[in-house]
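Heads up, the thing below is written out as structure tokens.
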Amino acid sequence: MDRSQARALLERTTAFEFSSEQVVVREVRLLNTIAALRHAGATDPRERTERDVANAA
Amino acid sequence: MWLNRQVETVIGAVRPVAFLGGEPYGVPFVIDALRERERVAWCRLGPRADGDPVAQGNALARAVNDALGDALLPLALPFRAHLQALGRHSVDVLPLRIALTATAPHLTLIDGLLDLQHVGFGVVLDLRHPAAHDLARERCLVVGHDDLAVRAAEARAALPGGLPDDVVEAMLASSGGRFGHLLSESHRVAGLPRVLVPDPAGALVDAAEAEAVEPALVLQALRRDGDVVGALELAVLRVPHAVDDVLRQAGPRYQEEGLLARLHVLLSAVPEPYALRERVLEWRLVAALAVGDLASTLTDVDAHLRAHAAPALRARRAGTLPHGRGFAEAEAAVGSARTPLTLWQYGRLHPHPQRALELLRESVQVAEDLGSRFEVVRNATTFAARLLHVGEFARAAAWARWALDVFDQEQLRDGARRLTLVNDVAVARIMSGDLAGLRGTLEDAQAMVEGSLPDVATLLRSTLAYLELAEGRTAAALALLEATYHGSPRRMRARYAYQLVRVLVELGRHDVAATVAADALEIGSAGEPHERLQGLLARGIARACAGDPGASDDLVEVLMAHDQVMEQRLCAALHYLLASGGAAHNLPADVADALRALHPIGLRVLSGPVERFEAVWSTLMRPSAHLEFAFLGRTSCRYRGDAVTLPPRLSEAALALALHPEGISREQLNAFLTPEGQPPFTPGGMRGMLTRLRVLLPVSDAPYRFTVPYRADVLEARTLLAAGQVREAVTLLRGRLLPDSEAPGIEEQRLVLEEELRQAALQAADPDALFDLAERLVDDIECWEATAAALAAGDPRLALARARVRRLEREYAHAHEARREPARASVD
């Protein structure tokens, strides 16, 4: 399976719904967790982008 | 009113109900309301799982386990395995309604779920993909838009109070009678909090209230909520730089949940350079191997390995290579880092049996210190399998059982791996003579995967056949092995052929055995050396039992092959001893040692007809008594090595004598044998019976006793019980004491033995012994309660035991009520 085939299959079968590169979220539990993360204002260090890591270094 | 109407439709229907209106028509609210009336296992499946029977099975298993409050169904098995298990245990699981919300076709799953109605399960479907509608119309009571539409009176009753009738009517008209739209609009107009839509995984906000959130934040939230399966999917699609890190938890999770096919798709879609990270390459390799698409990853993996030590990736790669090259890579990997993975692979591929065992033992230790519980179980399983390979059955049983305990206590998910482990435990325990609890466990496992996991089913069938042989049911073993042999792929033919031949020979079907053996040798010779040796073993067995002098040549080649599985070498050795007239001095030392250490039940399983092998066994075992009896389950008697057929009445008399080594008087014997209400033996009748017994066996004058040393299984069982050896006693007492006899002395002994066994098992709290006994006693609630208390959390038998206790409690309560009712009526 090449990359473009796999990508197309994933886009077709994903459980996520996207809108303009954003994820459409309806699950209450997930929304609550998202709200808690926003409230904490901290980004999980594991989620930093490579550029963040480079800047931090 | 509306909800009640829909719920009553489901409850009152004699067929499964399919709702074709989805969320707009309020179907999730109906299923949610149903949950307040009945026990409902509700799962939701989207396009991700469509066509993936394991992902579908996982969703079904989670829903059923949630509804039952117990882990009855493991993960990582195709949904058909769960349907089989539900059908098999319906008596204890019912009442239960299965609800499915499907946003993709899922036709095969739906078809299978609908079959559950035939064994008493309710089924309700919320079908949101038009491809499933025809199937629903064919097999269900369909509730479409017209039936789902809210009526005016229902709207007034269901919507928030205070809304004027004309507003309600306007909303009803604009919603087209859709309950979901109506409810959400009315809440908005009334200024009430937003409506939450019920869902199996928790509530959803109304579609209009959904939030658009940046993917990195959703990813973080998914990980925090423990949904690493979803997190990886999102990372691949929108946050690829995070894939490497998410895989740290997600890789093992996909593996444990049997989702490697999906993982393969996901990781095949990862863009460069992220696809070339070391951990990503490792999991790409694992997933590609699982789906047989290695070519897609090997170029990238090998390029990485040329430039990096990469011990984990190298160890994984070693497992995909031919043996010699694989071992070299595994050695290089363990040279870079001694981890649970590298040690496991190095031990697994090591050519020297003793060193392999040392390494695998070390890999278990290192996994306990540094690894995950999954790694502990994986490494211990391989260690146990290696012990089985070299014929150390008792050690193999101990390690496999421990691995299974860890699996259950940690509630690991990989159900397919668990079944293989269950099989290894069973083989090791049969060969070492410990049969307690095996039958129920094996039959459940085999029934579960029959038709859905053919390789595992074949393995379990073959092990069940061994259990039948261990318990002396050769014809039952034949039925299992015939199905196994004829259904086996070419590379497994020879393996199952020798087992089939061994059974055919015992049943006197020598011609068929010779044909199977010839086929197996021909097919096995086209394969690996071990396949040819299995073919030779099949032919050697057939020849040895037919008195063909060529047998020894076939069998010697097998028993001298040090790499061959010890079980097969032992089987060859036993038949060689038969063919050569007991030339034990020709056996290699390791085979001779293993034969001498083999439990009599193992000997029985690997040999053949008792009358042919008795002399062979006698050269290996403690000397036989002059006189031997079996009274439990089946009756048999051997005197000086010869089988003696005892008619029922003489068997009863023989048992009376066996139970009275000091001798039994004529009066005592008469009382022992004569059922109440029947005339006792006359002195002449008693004399005649004893004369007939004396023709066959050495019996003294009164008081009557056997005049030679003797052994009897019933006496052995008493000794085991007295010594507290409950597992062994359970194994021996599988059959009832002369089950057809109505002689009072025997009935009393039978009850005493069974109660002693029951008390001993309750006191010992041994889960296998208790489960075995509870299954045999069927409705003994005390036994089932003790079984539930003794089983580890995570053991699927625990869910069954608890369900049985609940059912028996209900039945006893009903029976108690029924007894009270007439009394109350008479007082009134």
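Following the order of the structure tokens, first chain is A, next is B, and so on, with residues numbered from 1 inside each chain and ligands from 1 in the order they appear.
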Polymer residues at most 12 Å from Arg26 (chain A), only C-alpha atoms, same-chain spacing of 6 or more positions, as a VMD selection string: (chain A and resid 15 to 18 32 34) or (chain B and resid 195 to 199 201 to 213 218)
Writer output for current selection, N, CA and C atoms, as a short mmCIF file (atom, residue, chain, number, x, y, z; two decimals), in the first residue's frame:
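Here's the written file selection_7.cif:
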```
data_model
loop_
_atom_site.label_atom_id
_atom_site.label_comp_id
_atom_site.auth_asym_id
_atom_site.auth_seq_id
_atom_site.Cartn_x
_atom_site.Cartn_y
_atom_site.Cartn_z
N ALA A 15 -12.61 8.43 11.92
CA ALA A 15 -13.71 8.73 12.84
C ALA A 15 -13.81 10.23 13.09
N PHE A 16 -12.80 10.98 12.62
CA PHE A 16 -12.81 12.43 12.88
C PHE A 16 -13.49 13.18 11.76
N GLU A 17 -14.13 14.27 12.16
CA GLU A 17 -14.73 15.16 11.17
C GLU A 17 -13.92 16.45 11.20
N PHE A 18 -13.55 16.93 10.03
CA PHE A 18 -12.71 18.13 9.96
C PHE A 18 -13.48 19.25 9.30
N ASN A 32 -14.74 18.68 27.60
CA ASN A 32 -14.36 19.05 28.97
C ASN A 32 -12.85 19.00 29.15
N ILE A 34 -10.63 19.30 26.81
CA ILE A 34 -10.07 20.41 26.03
C ILE A 34 -10.20 21.72 26.81
N VAL B 195 -29.21 20.61 24.70
CA VAL B 195 -29.57 19.19 24.77
C VAL B 195 -28.32 18.34 24.55
N LEU B 196 -28.18 17.31 25.35
CA LEU B 196 -27.08 16.36 25.13
C LEU B 196 -27.65 15.09 24.51
N VAL B 197 -26.98 14.63 23.47
CA VAL B 197 -27.46 13.44 22.76
C VAL B 197 -26.79 12.21 23.35
N PRO B 198 -27.59 11.22 23.79
CA PRO B 198 -26.97 10.01 24.37
C PRO B 198 -26.13 9.27 23.33
N ASP B 199 -25.09 8.64 23.81
CA ASP B 199 -24.21 7.87 22.92
C ASP B 199 -23.53 6.81 23.77
N ALA B 201 -20.55 5.97 24.04
CA ALA B 201 -19.27 6.38 24.62
C ALA B 201 -19.42 7.60 25.52
N GLY B 202 -20.62 8.03 25.82
CA GLY B 202 -20.82 9.24 26.61
C GLY B 202 -21.66 10.23 25.80
N ALA B 203 -22.11 11.28 26.47
CA ALA B 203 -23.02 12.19 25.77
C ALA B 203 -22.30 13.02 24.70
N LEU B 204 -23.10 13.42 23.69
CA LEU B 204 -22.60 14.31 22.64
C LEU B 204 -23.37 15.62 22.74
N VAL B 205 -22.70 16.72 22.41
CA VAL B 205 -23.46 17.97 22.29
C VAL B 205 -24.21 17.90 20.96
N ASP B 206 -25.26 18.69 20.87
CA ASP B 206 -26.03 18.75 19.63
C ASP B 206 -25.09 19.14 18.47
N ALA B 207 -25.38 18.63 17.28
CA ALA B 207 -24.50 18.87 16.14
C ALA B 207 -24.27 20.37 15.93
N ALA B 208 -25.32 21.16 16.17
CA ALA B 208 -25.18 22.60 15.94
C ALA B 208 -24.25 23.26 16.96
N GLU B 209 -24.01 22.56 18.07
CA GLU B 209 -23.19 23.12 19.14
C GLU B 209 -21.76 22.61 19.10
N ALA B 210 -21.44 21.78 18.10
CA ALA B 210 -20.10 21.20 18.04
C ALA B 210 -19.06 22.30 17.95
N GLU B 211 -17.88 22.01 18.52
CA GLU B 211 -16.80 23.01 18.48
C GLU B 211 -15.74 22.59 17.48
N ALA B 212 -15.18 23.57 16.79
CA ALA B 212 -14.04 23.29 15.92
C ALA B 212 -12.78 23.62 16.72
N VAL B 213 -11.92 22.61 16.89
CA VAL B 213 -10.77 22.75 17.77
C VAL B 213 -9.51 22.41 16.98
N VAL B 218 -6.74 18.80 20.36
CA VAL B 218 -7.59 17.59 20.43
C VAL B 218 -6.70 16.38 20.69
#
```
Within 6 Å of chain B: each chain A residue with its shortest pair, only C-alpha atoms, as a tab-separated table:
```
residue	atom	partner	partner_atom	distance
A:Arg3	CA	B:Ala269	CA	4.6
A:Ala6	CA	B:Ala269	CA	5.0
A:Arg7	CA	B:Ala269	CA	4.9
A:Thr13	CA	B:Arg48	CA	4.8
A:Thr14	CA	B:Arg48	CA	5.6
A:Gln22	CA	B:Glu214	CA	4.9
A:Val23	CA	B:Val213	CA	5.2
A:Val24	CA	B:Ala212	CA	4.5
A:Val25	CA	B:Glu211	CA	5.3
A:Arg26	CA	B:Ala210	CA	4.9
A:Glu27	CA	B:Leu204	CA	4.6
A:Val28	CA	B:Leu204	CA	5.4
A:Thr33	CA	B:Ala221	CA	5.7
A:Ile34	CA	B:Ala221	CA	5.6
```
Go ahead and save the picked residues with C-alpha atoms, as a PDB file, in the first residue's frame.
```
ATOM      1  CA  ARG A   3       1.322   6.519   0.917  1.00  0.00           C
ATOM      2  CA  ALA A   6      -3.242   4.827   2.546  1.00  0.00           C
ATOM      3  CA  ARG A   7      -3.939   8.500   2.992  1.00  0.00           C
ATOM      4  CA  THR A  13     -12.733   6.033   6.983  1.00  0.00           C
ATOM      5  CA  THR A  14     -11.553   8.293   9.778  1.00  0.00           C
ATOM      6  CA  GLN A  22      -9.974  22.088  12.609  1.00  0.00           C
ATOM      7  CA  VAL A  23     -11.419  18.995  14.299  1.00  0.00           C
ATOM      8  CA  VAL A  24     -15.164  19.069  14.893  1.00  0.00           C
ATOM      9  CA  VAL A  25     -15.694  17.841  18.453  1.00  0.00           C
ATOM     10  CA  ARG A  26     -19.039  16.750  19.888  1.00  0.00           C
ATOM     11  CA  GLU A  27     -18.049  14.396  22.707  1.00  0.00           C
ATOM     12  CA  VAL A  28     -18.787  16.079  26.014  1.00  0.00           C
ATOM     13  CA  THR A  33     -10.778  17.836  28.723  1.00  0.00           C
ATOM     14  CA  ILE A  34     -10.071  20.411  26.026  1.00  0.00           C
TER      15      ILE A  34
END
```
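For the set B:Leu467, B:Leu360, B:Leu738, B:Ala102, the residue with the smallest atom-to-atom gap to Met431 (chain B) is B:Leu467, counting only C-alpha atoms.
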Atom pair CA of Arg97 (chain B) / CA of Val40 (chain B): separation (Å): 4.7 Å
Every residue of region 392-491 of chain B that DSSP places in helix (DSSP H, G or I), as a PyMOL selection string: chain B and resi 393-409+415-431+438-449+454-470+474-487+490-491
Long-range neighbours of region 781-787 of chain B as a VMD selection string, 7 Å cut-off, only C-alpha atoms, 6 positions minimum in chain: chain B and resid 762 765 767 770 to 771 774 801 805 808
Grab the residues selected above and save them as a CSV table (one decimal), in the first residue's frame with N, CA and C atoms.
```
chain,number,residue,atom,x,y,z
B,762,LEU,N,-13.6,-26.8,47.9
B,762,LEU,CA,-14.1,-25.5,48.6
B,762,LEU,C,-13.0,-25.1,49.5
B,765,ALA,N,-9.8,-23.8,47.7
B,765,ALA,CA,-10.0,-22.6,46.9
B,765,ALA,C,-9.1,-22.6,45.6
B,767,PRO,N,-8.8,-22.4,41.9
B,767,PRO,CA,-9.8,-22.0,40.9
B,767,PRO,C,-10.1,-23.0,39.8
B,770,LEU,N,-12.1,-25.9,41.3
B,770,LEU,CA,-13.5,-25.4,41.6
B,770,LEU,C,-14.3,-25.2,40.4
B,771,PHE,N,-13.7,-24.6,39.3
B,771,PHE,CA,-14.4,-24.4,38.1
B,771,PHE,C,-14.8,-25.7,37.5
B,774,ALA,N,-17.6,-27.1,39.6
B,774,ALA,CA,-18.8,-26.3,39.5
B,774,ALA,C,-19.5,-26.7,38.2
B,801,ALA,N,-18.8,-17.3,36.1
B,801,ALA,CA,-19.2,-17.8,37.4
B,801,ALA,C,-20.1,-16.8,38.1
B,805,VAL,N,-23.9,-17.4,39.4
B,805,VAL,CA,-24.4,-17.2,40.7
B,805,VAL,C,-25.7,-16.3,40.7
B,808,LEU,N,-28.6,-18.4,39.5
B,808,LEU,CA,-29.1,-19.3,40.5
B,808,LEU,C,-29.8,-18.6,41.7
```
